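Participant: Input upload22.csv, format and content: CSV, N, CA and C atoms.
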```
chain,number,residue,atom,x,y,z
A,535,MET,N,0.8,-1.2,0.0
A,535,MET,CA,0.0,0.0,0.0
A,535,MET,C,0.9,1.2,0.0
A,536,ARG,N,0.7,2.1,-1.0
A,536,ARG,CA,1.4,3.3,-1.1
A,536,ARG,C,2.9,3.1,-1.2
A,537,VAL,N,3.3,2.1,-1.9
A,537,VAL,CA,4.7,1.8,-2.1
A,537,VAL,C,5.1,1.9,-3.6
A,538,CYS,N,4.2,2.3,-4.4
A,538,CYS,CA,4.5,2.3,-5.9
A,538,CYS,C,5.7,3.3,-6.1
A,539,ARG,N,6.6,2.9,-7.0
A,539,ARG,CA,7.7,3.7,-7.5
A,539,ARG,C,7.7,3.7,-9.0
A,540,ILE,N,7.4,4.8,-9.6
A,540,ILE,CA,7.4,4.9,-11.1
A,540,ILE,C,8.8,5.0,-11.6
A,541,GLU,N,9.0,4.1,-12.6
A,541,GLU,CA,10.3,4.0,-13.2
A,541,GLU,C,10.4,4.9,-14.5
A,542,ALA,N,11.5,4.9,-15.1
A,542,ALA,CA,11.7,5.7,-16.3
A,542,ALA,C,10.7,5.3,-17.5
A,543,ASP,N,10.2,4.1,-17.5
A,543,ASP,CA,9.3,3.7,-18.5
A,543,ASP,C,7.8,4.1,-18.2
A,544,GLY,N,7.6,4.8,-17.1
A,544,GLY,CA,6.3,5.2,-16.7
A,544,GLY,C,5.4,4.2,-16.0
A,545,LEU,N,6.0,3.1,-15.6
A,545,LEU,CA,5.3,2.0,-14.9
A,545,LEU,C,5.9,1.9,-13.5
A,546,CYS,N,5.0,1.5,-12.6
A,546,CYS,CA,5.5,1.1,-11.2
A,546,CYS,C,6.4,-0.1,-11.3
A,547,ARG,N,7.5,0.0,-10.6
A,547,ARG,CA,8.5,-1.1,-10.6
A,547,ARG,C,7.9,-2.4,-10.1
A,548,GLY,N,7.0,-2.4,-9.1
A,548,GLY,CA,6.4,-3.6,-8.6
A,548,GLY,C,5.1,-4.1,-9.2
A,549,CYS,N,4.2,-3.2,-9.4
A,549,CYS,CA,2.8,-3.6,-9.9
A,549,CYS,C,2.6,-3.4,-11.4
A,550,LEU,N,3.5,-2.6,-12.0
A,550,LEU,CA,3.5,-2.3,-13.4
A,550,LEU,C,2.3,-1.5,-13.9
A,551,ARG,N,1.6,-0.8,-12.9
A,551,ARG,CA,0.6,0.1,-13.3
A,551,ARG,C,1.2,1.5,-13.6
A,552,THR,N,0.5,2.3,-14.4
A,552,THR,CA,0.9,3.6,-14.7
A,552,THR,C,0.4,4.5,-13.6
A,553,GLY,N,0.9,5.8,-13.6
A,553,GLY,CA,0.5,6.7,-12.5
A,553,GLY,C,-1.0,6.9,-12.6
A,554,GLU,N,-1.5,7.0,-13.8
A,554,GLU,CA,-3.0,7.2,-13.9
A,554,GLU,C,-3.8,6.0,-13.4
A,555,GLU,N,-3.3,4.8,-13.6
A,555,GLU,CA,-4.0,3.6,-13.1
A,555,GLU,C,-3.9,3.6,-11.6
A,556,ILE,N,-2.8,3.9,-11.1
A,556,ILE,CA,-2.6,4.0,-9.6
A,556,ILE,C,-3.6,4.9,-9.0
A,557,ALA,N,-3.7,6.1,-9.6
A,557,ALA,CA,-4.6,7.2,-9.1
A,557,ALA,C,-6.1,6.7,-9.2
A,558,LEU,N,-6.4,6.0,-10.2
A,558,LEU,CA,-7.8,5.5,-10.4
A,558,LEU,C,-8.2,4.3,-9.5
A,559,TRP,N,-7.2,3.5,-9.1
A,559,TRP,CA,-7.3,2.2,-8.5
A,559,TRP,C,-8.4,2.2,-7.4
A,560,SER,N,-8.4,3.2,-6.5
A,560,SER,CA,-9.3,3.2,-5.3
A,560,SER,C,-10.7,3.5,-5.8
A,561,ARG,N,-10.9,4.0,-7.0
A,561,ARG,CA,-12.2,4.3,-7.5
A,561,ARG,C,-12.8,3.2,-8.4
A,562,LEU,N,-12.0,2.2,-8.7
A,562,LEU,CA,-12.4,1.1,-9.5
A,562,LEU,C,-13.2,0.1,-8.6
A,563,ASP,N,-14.2,-0.5,-9.2
A,563,ASP,CA,-14.8,-1.6,-8.4
A,563,ASP,C,-14.0,-2.9,-8.6
A,564,GLU,N,-14.4,-3.9,-7.9
A,564,GLU,CA,-13.6,-5.2,-7.9
A,564,GLU,C,-13.6,-5.8,-9.3
A,565,HIS,N,-14.7,-5.8,-10.1
A,565,HIS,CA,-14.7,-6.3,-11.4
A,565,HIS,C,-13.7,-5.5,-12.3
A,566,GLU,N,-13.7,-4.2,-12.2
A,566,GLU,CA,-12.8,-3.4,-13.0
A,566,GLU,C,-11.3,-3.7,-12.7
A,567,ARG,N,-11.0,-3.9,-11.4
A,567,ARG,CA,-9.7,-4.2,-11.0
A,567,ARG,C,-9.2,-5.6,-11.5
A,568,GLN,N,-10.1,-6.5,-11.4
A,568,GLN,CA,-9.8,-7.9,-11.9
A,568,GLN,C,-9.6,-7.8,-13.4
A,569,GLN,N,-10.4,-7.1,-14.1
A,569,GLN,CA,-10.2,-7.0,-15.6
A,569,GLN,C,-8.8,-6.4,-15.9
A,570,LEU,N,-8.5,-5.3,-15.2
A,570,LEU,CA,-7.2,-4.7,-15.4
A,570,LEU,C,-6.0,-5.6,-15.2
A,571,MET,N,-6.2,-6.4,-14.1
A,571,MET,CA,-5.1,-7.3,-13.7
A,571,MET,C,-5.0,-8.5,-14.7
A,572,LYS,N,-6.1,-9.0,-15.2
A,572,LYS,CA,-6.1,-10.1,-16.1
A,572,LYS,C,-5.7,-9.8,-17.5
A,573,THR,N,-5.9,-8.5,-17.9
A,573,THR,CA,-5.6,-8.2,-19.3
A,573,THR,C,-4.4,-7.3,-19.4
A,574,VAL,N,-4.6,-6.0,-19.1
A,574,VAL,CA,-3.5,-5.0,-19.2
A,574,VAL,C,-2.2,-5.4,-18.5
A,575,LEU,N,-2.4,-5.6,-17.2
A,575,LEU,CA,-1.2,-5.9,-16.3
A,575,LEU,C,-0.6,-7.3,-16.7
A,576,ALA,N,-1.4,-8.3,-17.0
A,576,ALA,CA,-0.8,-9.5,-17.4
A,576,ALA,C,0.0,-9.4,-18.7
A,577,ASP,N,-0.5,-8.6,-19.6
A,577,ASP,CA,0.2,-8.3,-20.9
A,577,ASP,C,1.6,-7.6,-20.6
A,578,ARG,N,1.5,-6.7,-19.6
A,578,ARG,CA,2.8,-6.0,-19.3
A,578,ARG,C,3.8,-6.9,-18.6
A,579,VAL,N,3.3,-7.8,-17.8
A,579,VAL,CA,4.2,-8.8,-17.2
A,579,VAL,C,4.9,-9.6,-18.2
A,580,ARG,N,4.1,-10.1,-19.2
A,580,ARG,CA,4.7,-11.0,-20.3
A,580,ARG,C,5.7,-10.2,-21.1
A,581,ALA,N,5.3,-8.9,-21.4
A,581,ALA,CA,6.2,-8.1,-22.2
A,581,ALA,C,7.5,-7.7,-21.5
A,582,LYS,N,7.4,-7.4,-20.2
A,582,LYS,CA,8.6,-7.0,-19.4
A,582,LYS,C,9.5,-8.2,-19.1
A,583,PHE,N,8.8,-9.3,-18.7
A,583,PHE,CA,9.6,-10.4,-18.2
A,583,PHE,C,9.8,-11.5,-19.2
A,584,GLY,N,8.7,-11.8,-19.9
A,584,GLY,CA,8.7,-12.8,-21.0
A,584,GLY,C,9.6,-14.0,-20.8
A,585,PHE,N,9.7,-14.5,-19.6
A,585,PHE,CA,10.6,-15.6,-19.2
A,585,PHE,C,10.3,-16.8,-20.0
A,586,MET,N,9.1,-17.2,-20.0
A,586,MET,CA,8.7,-18.5,-20.7
A,586,MET,C,9.0,-18.4,-22.2
A,587,ASP,N,8.9,-17.2,-22.8
A,587,ASP,CA,9.2,-17.1,-24.2
A,587,ASP,C,10.7,-17.4,-24.5
A,588,ARG,N,11.6,-17.2,-23.6
A,588,ARG,CA,13.0,-17.4,-23.8
A,588,ARG,C,13.4,-18.9,-23.6
A,589,LEU,N,12.5,-19.7,-23.1
A,589,LEU,CA,12.9,-21.1,-22.9
A,589,LEU,C,12.7,-21.9,-24.1
A,590,VAL,N,13.8,-22.5,-24.6
A,590,VAL,CA,13.7,-23.4,-25.8
A,590,VAL,C,12.7,-24.5,-25.6
A,591,GLU,N,12.6,-25.0,-24.4
A,591,GLU,CA,11.7,-26.1,-24.1
A,591,GLU,C,10.4,-25.7,-23.6
A,592,ARG,N,9.9,-24.5,-23.9
A,592,ARG,CA,8.7,-23.9,-23.4
A,592,ARG,C,7.5,-24.8,-23.6
A,593,GLU,N,7.3,-25.4,-24.7
A,593,GLU,CA,6.1,-26.2,-24.9
A,593,GLU,C,6.1,-27.4,-24.0
A,594,ARG,N,7.3,-28.1,-23.9
A,594,ARG,CA,7.4,-29.3,-23.1
A,594,ARG,C,7.2,-28.9,-21.6
A,595,ILE,N,7.8,-27.8,-21.2
A,595,ILE,CA,7.6,-27.4,-19.8
A,595,ILE,C,6.2,-27.0,-19.5
A,596,SER,N,5.6,-26.2,-20.3
A,596,SER,CA,4.2,-25.8,-20.1
A,596,SER,C,3.3,-26.9,-20.0
A,597,GLY,N,3.6,-28.0,-20.7
A,597,GLY,CA,2.7,-29.2,-20.8
A,597,GLY,C,2.7,-30.0,-19.5
A,598,VAL,N,3.7,-29.8,-18.6
A,598,VAL,CA,3.8,-30.6,-17.4
A,598,VAL,C,3.6,-29.7,-16.1
A,599,LEU,N,3.5,-28.4,-16.3
A,599,LEU,CA,3.3,-27.6,-15.1
A,599,LEU,C,1.8,-27.3,-14.9
A,600,TYR,N,1.4,-27.3,-13.6
A,600,TYR,CA,0.0,-26.9,-13.3
A,600,TYR,C,0.0,-25.4,-13.0
A,601,PRO,N,-1.1,-24.8,-13.5
A,601,PRO,CA,-1.3,-23.4,-13.1
A,601,PRO,C,-1.5,-23.2,-11.6
A,602,LEU,N,-1.0,-22.2,-11.0
A,602,LEU,CA,-1.1,-22.0,-9.6
A,602,LEU,C,-2.5,-22.0,-9.1
A,603,ARG,N,-3.4,-21.5,-9.9
A,603,ARG,CA,-4.8,-21.5,-9.5
A,603,ARG,C,-5.5,-22.8,-9.7
A,604,GLN,N,-4.8,-23.8,-10.2
A,604,GLN,CA,-5.5,-25.1,-10.5
A,604,GLN,C,-4.5,-26.2,-10.1
A,605,PRO,N,-4.3,-26.4,-8.8
A,605,PRO,CA,-3.3,-27.5,-8.5
A,605,PRO,C,-3.9,-28.9,-8.8
A,606,PRO,N,-3.0,-29.8,-9.0
A,606,PRO,CA,-3.5,-31.2,-9.3
A,606,PRO,C,-4.3,-31.8,-8.1
A,607,PRO,N,-5.3,-32.6,-8.5
A,607,PRO,CA,-6.1,-33.2,-7.4
A,607,PRO,C,-5.4,-34.4,-6.9
A,608,GLY,N,-5.8,-34.8,-5.7
A,608,GLY,CA,-5.3,-36.1,-5.1
A,608,GLY,C,-4.0,-35.9,-4.3
A,609,ASP,N,-3.4,-37.0,-4.0
A,609,ASP,CA,-2.2,-37.0,-3.1
A,609,ASP,C,-0.9,-36.8,-3.7
A,610,GLY,N,-0.8,-36.6,-5.0
A,610,GLY,CA,0.4,-36.4,-5.7
A,610,GLY,C,0.9,-37.7,-6.3
A,611,TRP,N,1.8,-37.6,-7.3
A,611,TRP,CA,2.2,-38.7,-8.1
A,611,TRP,C,3.1,-39.7,-7.3
A,612,ASN,N,3.8,-39.3,-6.3
A,612,ASN,CA,4.6,-40.2,-5.6
A,612,ASN,C,4.2,-40.4,-4.1
A,613,ARG,N,3.0,-40.2,-3.8
A,613,ARG,CA,2.6,-40.3,-2.4
A,613,ARG,C,2.8,-41.7,-1.8
A,614,SER,N,2.5,-42.7,-2.6
A,614,SER,CA,2.7,-44.1,-2.2
A,614,SER,C,4.2,-44.4,-1.8
A,615,GLU,N,5.1,-43.7,-2.5
A,615,GLU,CA,6.5,-44.0,-2.2
A,615,GLU,C,6.9,-43.4,-0.8
A,616,LEU,N,6.1,-42.6,-0.3
A,616,LEU,CA,6.4,-42.0,1.0
A,616,LEU,C,5.9,-42.8,2.2
A,617,ASP,N,5.0,-43.7,1.9
A,617,ASP,CA,4.4,-44.5,3.0
A,617,ASP,C,5.3,-45.1,4.0
A,618,ASP,N,6.4,-45.7,3.5
A,618,ASP,CA,7.4,-46.3,4.4
A,618,ASP,C,8.3,-45.4,5.1
A,619,LEU,N,8.3,-44.1,4.7
A,619,LEU,CA,9.2,-43.1,5.3
A,619,LEU,C,8.5,-42.3,6.4
A,620,LEU,N,7.2,-42.3,6.4
A,620,LEU,CA,6.4,-41.5,7.4
A,620,LEU,C,5.6,-42.5,8.3
A,621,SER,N,5.6,-42.1,9.6
A,621,SER,CA,4.8,-42.9,10.5
A,621,SER,C,3.3,-42.6,10.2
A,622,PRO,N,2.4,-43.6,10.5
A,622,PRO,CA,1.0,-43.3,10.3
A,622,PRO,C,0.5,-42.1,11.1
A,623,ALA,N,1.2,-41.7,12.2
A,623,ALA,CA,0.7,-40.6,13.0
A,623,ALA,C,1.2,-39.3,12.4
A,624,THR,N,2.1,-39.3,11.5
A,624,THR,CA,2.6,-38.1,10.9
A,624,THR,C,1.6,-37.4,10.0
A,625,PRO,N,1.2,-36.1,10.4
A,625,PRO,CA,0.3,-35.5,9.5
A,625,PRO,C,1.0,-35.0,8.2
A,626,VAL,N,0.3,-35.2,7.1
A,626,VAL,CA,0.8,-34.7,5.8
A,626,VAL,C,0.2,-33.4,5.5
A,627,ALA,N,1.0,-32.4,5.1
A,627,ALA,CA,0.4,-31.1,4.7
A,627,ALA,C,0.8,-30.8,3.3
A,628,GLU,N,0.0,-30.0,2.6
A,628,GLU,CA,0.3,-29.6,1.3
A,628,GLU,C,1.5,-28.6,1.3
A,629,ALA,N,2.3,-28.7,0.3
A,629,ALA,CA,3.5,-27.8,0.3
A,629,ALA,C,3.8,-27.5,-1.2
A,630,ALA,N,4.5,-26.4,-1.4
A,630,ALA,CA,4.9,-26.0,-2.8
A,630,ALA,C,6.4,-26.0,-2.9
A,631,VAL,N,6.9,-26.3,-4.0
A,631,VAL,CA,8.3,-26.3,-4.2
A,631,VAL,C,8.6,-25.3,-5.3
A,632,LEU,N,9.5,-24.4,-5.1
A,632,LEU,CA,10.0,-23.4,-6.1
A,632,LEU,C,11.2,-24.0,-6.8
A,633,VAL,N,11.0,-24.1,-8.1
A,633,VAL,CA,12.1,-24.7,-8.9
A,633,VAL,C,12.6,-23.6,-9.9
A,634,GLY,N,13.8,-23.2,-9.8
A,634,GLY,CA,14.4,-22.2,-10.6
A,634,GLY,C,14.7,-22.8,-12.0
A,635,LEU,N,14.2,-22.1,-13.1
A,635,LEU,CA,14.6,-22.5,-14.4
A,635,LEU,C,15.4,-21.4,-15.0
A,636,VAL,N,16.6,-21.7,-15.6
A,636,VAL,CA,17.5,-20.7,-16.1
A,636,VAL,C,17.8,-21.0,-17.5
A,637,PRO,N,17.3,-20.1,-18.4
A,637,PRO,CA,17.6,-20.3,-19.9
A,637,PRO,C,19.1,-20.0,-20.1
A,638,ARG,N,19.8,-20.9,-20.7
A,638,ARG,CA,21.2,-20.7,-21.1
A,638,ARG,C,21.4,-20.8,-22.6
A,639,ALA,N,21.9,-19.7,-23.2
A,639,ALA,CA,22.1,-19.7,-24.6
A,639,ALA,C,23.0,-20.8,-25.1
A,640,GLY,N,22.6,-21.6,-26.1
A,640,GLY,CA,23.3,-22.6,-26.6
A,640,GLY,C,23.2,-24.0,-25.9
A,641,ILE,N,22.8,-24.0,-24.7
A,641,ILE,CA,22.7,-25.3,-24.0
A,641,ILE,C,21.3,-25.6,-23.5
A,642,GLY,N,20.3,-24.7,-23.6
A,642,GLY,CA,19.0,-24.9,-23.2
A,642,GLY,C,18.7,-24.5,-21.8
A,643,THR,N,17.6,-25.0,-21.2
A,643,THR,CA,17.2,-24.6,-19.9
A,643,THR,C,17.8,-25.5,-18.8
A,644,GLN,N,18.3,-24.9,-17.8
A,644,GLN,CA,18.9,-25.7,-16.7
A,644,GLN,C,18.0,-25.4,-15.4
A,645,VAL,N,18.0,-26.4,-14.6
A,645,VAL,CA,17.2,-26.3,-13.3
A,645,VAL,C,18.2,-25.9,-12.2
A,646,LEU,N,17.8,-24.9,-11.5
A,646,LEU,CA,18.6,-24.4,-10.4
A,646,LEU,C,18.1,-25.1,-9.1
A,647,LEU,N,19.0,-25.9,-8.5
A,647,LEU,CA,18.6,-26.7,-7.3
A,647,LEU,C,19.2,-26.0,-6.1
A,648,THR,N,18.4,-26.0,-5.0
A,648,THR,CA,18.9,-25.5,-3.8
A,648,THR,C,18.9,-26.5,-2.7
A,649,ARG,N,19.6,-26.3,-1.6
A,649,ARG,CA,19.7,-27.2,-0.5
A,649,ARG,C,18.9,-26.7,0.6
A,650,ARG,N,18.2,-27.6,1.3
A,650,ARG,CA,17.4,-27.2,2.4
A,650,ARG,C,18.3,-27.0,3.6
A,651,THR,N,18.0,-26.0,4.4
A,651,THR,CA,18.8,-25.8,5.6
A,651,THR,C,18.0,-26.1,6.9
A,652,ASP,N,18.7,-26.7,7.8
A,652,ASP,CA,18.0,-27.0,9.1
A,652,ASP,C,17.8,-25.7,9.9
A,653,GLY,N,18.4,-24.6,9.5
A,653,GLY,CA,18.2,-23.3,10.2
A,653,GLY,C,16.8,-22.7,10.0
A,654,LEU,N,16.0,-23.2,9.0
A,654,LEU,CA,14.7,-22.7,8.8
A,654,LEU,C,13.7,-23.5,9.6
A,655,ARG,N,13.6,-23.2,10.9
A,655,ARG,CA,12.8,-24.1,11.8
A,655,ARG,C,11.4,-24.2,11.4
A,656,HIS,N,10.8,-23.1,10.8
A,656,HIS,CA,9.3,-23.2,10.5
A,656,HIS,C,9.1,-23.4,9.1
A,657,HIS,N,10.0,-23.9,8.4
A,657,HIS,CA,9.9,-24.2,6.9
A,657,HIS,C,9.5,-25.7,6.8
A,658,GLY,N,8.4,-26.0,6.1
A,658,GLY,CA,8.0,-27.4,6.1
A,658,GLY,C,8.7,-28.3,5.1
A,659,GLY,N,9.5,-27.8,4.2
A,659,GLY,CA,10.0,-28.7,3.2
A,659,GLY,C,11.5,-28.6,3.0
```
With the file now loaded, output its structure as structure tokens.
Facilitator:
Amino acid sequence: MRVCRIEADGLCRGCLRTGEEIALWSRLDEHERQQLMKTVLADRVRAKFGFMDRLVERERISGVLYPLRQPPPGDGWNRSELDDLLSPATPVAEAAVLVGLVPRAGIGTQVLLTRRTDGLRHHGG
């Protein structure tokens, strides 16, 4: 709230709205805001960041990823493989995994892997 910073291109660095759109925001109803976010702002995100367009393997990757708003149903593809690792009393919670994809010229897309740290006491995964 009230943290927009207009860059040289006339767009806010974080939300990609113009100064005029920021000024109008509080007067827009929920439907108008949703429309702006789904159309104009979504187009700006694709134009500014266009990450998926730079991936050589874009079609293959898009075919196996689930949209954030539509997670896969059920327990997951490898849930049965975890049965012998977890005690029956262990509660299972949903979690998300962030996987970094890095497009590299000439060699294709690489996966950026990270190592979990025990220092993150409240981190589930």
Participant: Which of chain A end up as strand (DSSP E) when DSSP is run on this backbone - answer as an NGL selection string?
Facilitator: :A and (634-638 or 642-646)
Participant: Just asking: which residues within segment 540-597 of chain A are alpha helix (DSSP H) according to DSSP, as a PDB file with N, CA and C atoms, in the coordinates of the input?
Facilitator:
```
ATOM      1  N   GLY A 553       0.900   5.800 -13.600  1.00  0.00           N
ATOM      2  CA  GLY A 553       0.500   6.700 -12.500  1.00  0.00           C
ATOM      3  C   GLY A 553      -1.000   6.900 -12.600  1.00  0.00           C
ATOM      4  N   GLU A 554      -1.500   7.000 -13.800  1.00  0.00           N
ATOM      5  CA  GLU A 554      -3.000   7.200 -13.900  1.00  0.00           C
ATOM      6  C   GLU A 554      -3.800   6.000 -13.400  1.00  0.00           C
ATOM      7  N   GLU A 555      -3.300   4.800 -13.600  1.00  0.00           N
ATOM      8  CA  GLU A 555      -4.000   3.600 -13.100  1.00  0.00           C
ATOM      9  C   GLU A 555      -3.900   3.600 -11.600  1.00  0.00           C
ATOM     10  N   ILE A 556      -2.800   3.900 -11.100  1.00  0.00           N
ATOM     11  CA  ILE A 556      -2.600   4.000  -9.600  1.00  0.00           C
ATOM     12  C   ILE A 556      -3.600   4.900  -9.000  1.00  0.00           C
ATOM     13  N   ALA A 557      -3.700   6.100  -9.600  1.00  0.00           N
ATOM     14  CA  ALA A 557      -4.600   7.200  -9.100  1.00  0.00           C
ATOM     15  C   ALA A 557      -6.100   6.700  -9.200  1.00  0.00           C
ATOM     16  N   LEU A 558      -6.400   6.000 -10.200  1.00  0.00           N
ATOM     17  CA  LEU A 558      -7.800   5.500 -10.400  1.00  0.00           C
ATOM     18  C   LEU A 558      -8.200   4.300  -9.500  1.00  0.00           C
ATOM     19  N   TRP A 559      -7.200   3.500  -9.100  1.00  0.00           N
ATOM     20  CA  TRP A 559      -7.300   2.200  -8.500  1.00  0.00           C
ATOM     21  C   TRP A 559      -8.400   2.200  -7.400  1.00  0.00           C
ATOM     22  N   GLU A 564     -14.400  -3.900  -7.900  1.00  0.00           N
ATOM     23  CA  GLU A 564     -13.600  -5.200  -7.900  1.00  0.00           C
ATOM     24  C   GLU A 564     -13.600  -5.800  -9.300  1.00  0.00           C
ATOM     25  N   HIS A 565     -14.700  -5.800 -10.100  1.00  0.00           N
ATOM     26  CA  HIS A 565     -14.700  -6.300 -11.400  1.00  0.00           C
ATOM     27  C   HIS A 565     -13.700  -5.500 -12.300  1.00  0.00           C
ATOM     28  N   GLU A 566     -13.700  -4.200 -12.200  1.00  0.00           N
ATOM     29  CA  GLU A 566     -12.800  -3.400 -13.000  1.00  0.00           C
ATOM     30  C   GLU A 566     -11.300  -3.700 -12.700  1.00  0.00           C
ATOM     31  N   ARG A 567     -11.000  -3.900 -11.400  1.00  0.00           N
ATOM     32  CA  ARG A 567      -9.700  -4.200 -11.000  1.00  0.00           C
ATOM     33  C   ARG A 567      -9.200  -5.600 -11.500  1.00  0.00           C
ATOM     34  N   GLN A 568     -10.100  -6.500 -11.400  1.00  0.00           N
ATOM     35  CA  GLN A 568      -9.800  -7.900 -11.900  1.00  0.00           C
ATOM     36  C   GLN A 568      -9.600  -7.800 -13.400  1.00  0.00           C
ATOM     37  N   GLN A 569     -10.400  -7.100 -14.100  1.00  0.00           N
ATOM     38  CA  GLN A 569     -10.200  -7.000 -15.600  1.00  0.00           C
ATOM     39  C   GLN A 569      -8.800  -6.400 -15.900  1.00  0.00           C
ATOM     40  N   LEU A 570      -8.500  -5.300 -15.200  1.00  0.00           N
ATOM     41  CA  LEU A 570      -7.200  -4.700 -15.400  1.00  0.00           C
ATOM     42  C   LEU A 570      -6.000  -5.600 -15.200  1.00  0.00           C
ATOM     43  N   ALA A 576      -1.400  -8.300 -17.000  1.00  0.00           N
ATOM     44  CA  ALA A 576      -0.800  -9.500 -17.400  1.00  0.00           C
ATOM     45  C   ALA A 576       0.000  -9.400 -18.700  1.00  0.00           C
ATOM     46  N   ASP A 577      -0.500  -8.600 -19.600  1.00  0.00           N
ATOM     47  CA  ASP A 577       0.200  -8.300 -20.900  1.00  0.00           C
ATOM     48  C   ASP A 577       1.600  -7.600 -20.600  1.00  0.00           C
ATOM     49  N   ARG A 578       1.500  -6.700 -19.600  1.00  0.00           N
ATOM     50  CA  ARG A 578       2.800  -6.000 -19.300  1.00  0.00           C
ATOM     51  C   ARG A 578       3.800  -6.900 -18.600  1.00  0.00           C
ATOM     52  N   VAL A 579       3.300  -7.800 -17.800  1.00  0.00           N
ATOM     53  CA  VAL A 579       4.200  -8.800 -17.200  1.00  0.00           C
ATOM     54  C   VAL A 579       4.900  -9.600 -18.200  1.00  0.00           C
ATOM     55  N   ARG A 580       4.100 -10.100 -19.200  1.00  0.00           N
ATOM     56  CA  ARG A 580       4.700 -11.000 -20.300  1.00  0.00           C
ATOM     57  C   ARG A 580       5.700 -10.200 -21.100  1.00  0.00           C
ATOM     58  N   ALA A 581       5.300  -8.900 -21.400  1.00  0.00           N
ATOM     59  CA  ALA A 581       6.200  -8.100 -22.200  1.00  0.00           C
ATOM     60  C   ALA A 581       7.500  -7.700 -21.500  1.00  0.00           C
ATOM     61  N   LYS A 582       7.400  -7.400 -20.200  1.00  0.00           N
ATOM     62  CA  LYS A 582       8.600  -7.000 -19.400  1.00  0.00           C
ATOM     63  C   LYS A 582       9.500  -8.200 -19.100  1.00  0.00           C
ATOM     64  N   PHE A 583       8.800  -9.300 -18.700  1.00  0.00           N
ATOM     65  CA  PHE A 583       9.600 -10.400 -18.200  1.00  0.00           C
ATOM     66  C   PHE A 583       9.800 -11.500 -19.200  1.00  0.00           C
ATOM     67  N   PHE A 585       9.700 -14.500 -19.600  1.00  0.00           N
ATOM     68  CA  PHE A 585      10.600 -15.600 -19.200  1.00  0.00           C
ATOM     69  C   PHE A 585      10.300 -16.800 -20.000  1.00  0.00           C
ATOM     70  N   MET A 586       9.100 -17.200 -20.000  1.00  0.00           N
ATOM     71  CA  MET A 586       8.700 -18.500 -20.700  1.00  0.00           C
ATOM     72  C   MET A 586       9.000 -18.400 -22.200  1.00  0.00           C
ATOM     73  N   ASP A 587       8.900 -17.200 -22.800  1.00  0.00           N
ATOM     74  CA  ASP A 587       9.200 -17.100 -24.200  1.00  0.00           C
ATOM     75  C   ASP A 587      10.700 -17.400 -24.500  1.00  0.00           C
ATOM     76  N   ARG A 588      11.600 -17.200 -23.600  1.00  0.00           N
ATOM     77  CA  ARG A 588      13.000 -17.400 -23.800  1.00  0.00           C
ATOM     78  C   ARG A 588      13.400 -18.900 -23.600  1.00  0.00           C
ATOM     79  N   ARG A 592       9.900 -24.500 -23.900  1.00  0.00           N
ATOM     80  CA  ARG A 592       8.700 -23.900 -23.400  1.00  0.00           C
ATOM     81  C   ARG A 592       7.500 -24.800 -23.600  1.00  0.00           C
ATOM     82  N   GLU A 593       7.300 -25.400 -24.700  1.00  0.00           N
ATOM     83  CA  GLU A 593       6.100 -26.200 -24.900  1.00  0.00           C
ATOM     84  C   GLU A 593       6.100 -27.400 -24.000  1.00  0.00           C
ATOM     85  N   ARG A 594       7.300 -28.100 -23.900  1.00  0.00           N
ATOM     86  CA  ARG A 594       7.400 -29.300 -23.100  1.00  0.00           C
ATOM     87  C   ARG A 594       7.200 -28.900 -21.600  1.00  0.00           C
ATOM     88  N   ILE A 595       7.800 -27.800 -21.200  1.00  0.00           N
ATOM     89  CA  ILE A 595       7.600 -27.400 -19.800  1.00  0.00           C
ATOM     90  C   ILE A 595       6.200 -27.000 -19.500  1.00  0.00           C
ATOM     91  N   SER A 596       5.600 -26.200 -20.300  1.00  0.00           N
ATOM     92  CA  SER A 596       4.200 -25.800 -20.100  1.00  0.00           C
ATOM     93  C   SER A 596       3.300 -26.900 -20.000  1.00  0.00           C
ATOM     94  N   GLY A 597       3.600 -28.000 -20.700  1.00  0.00           N
ATOM     95  CA  GLY A 597       2.700 -29.200 -20.800  1.00  0.00           C
ATOM     96  C   GLY A 597       2.700 -30.000 -19.500  1.00  0.00           C
TER      97      GLY A 597
END
```
Participant: Which one is closest to Arg613 of chain A: A:Val645, A:Leu570, A:Ala627, A:Glu591? Count only C-alpha atoms.
Facilitator: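 Of all the options, A:Ala627 lies closest to Arg613 of chain A.
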Participant: As an exercise, work out the distance from atom N of Thr643 of chain A to atom CA of Leu589 of chain A in Å and give it to one decimal place.
Facilitator: 6.3 Å
Participant: Rounded to one decimal place, report the atom CA of Ile556 of chain A-atom C of Arg580 of chain A distance in Å.
Facilitator: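 Atom C of Arg580 of chain A lies at a distance of 20.1 Å from atom CA of Ile556 of chain A.
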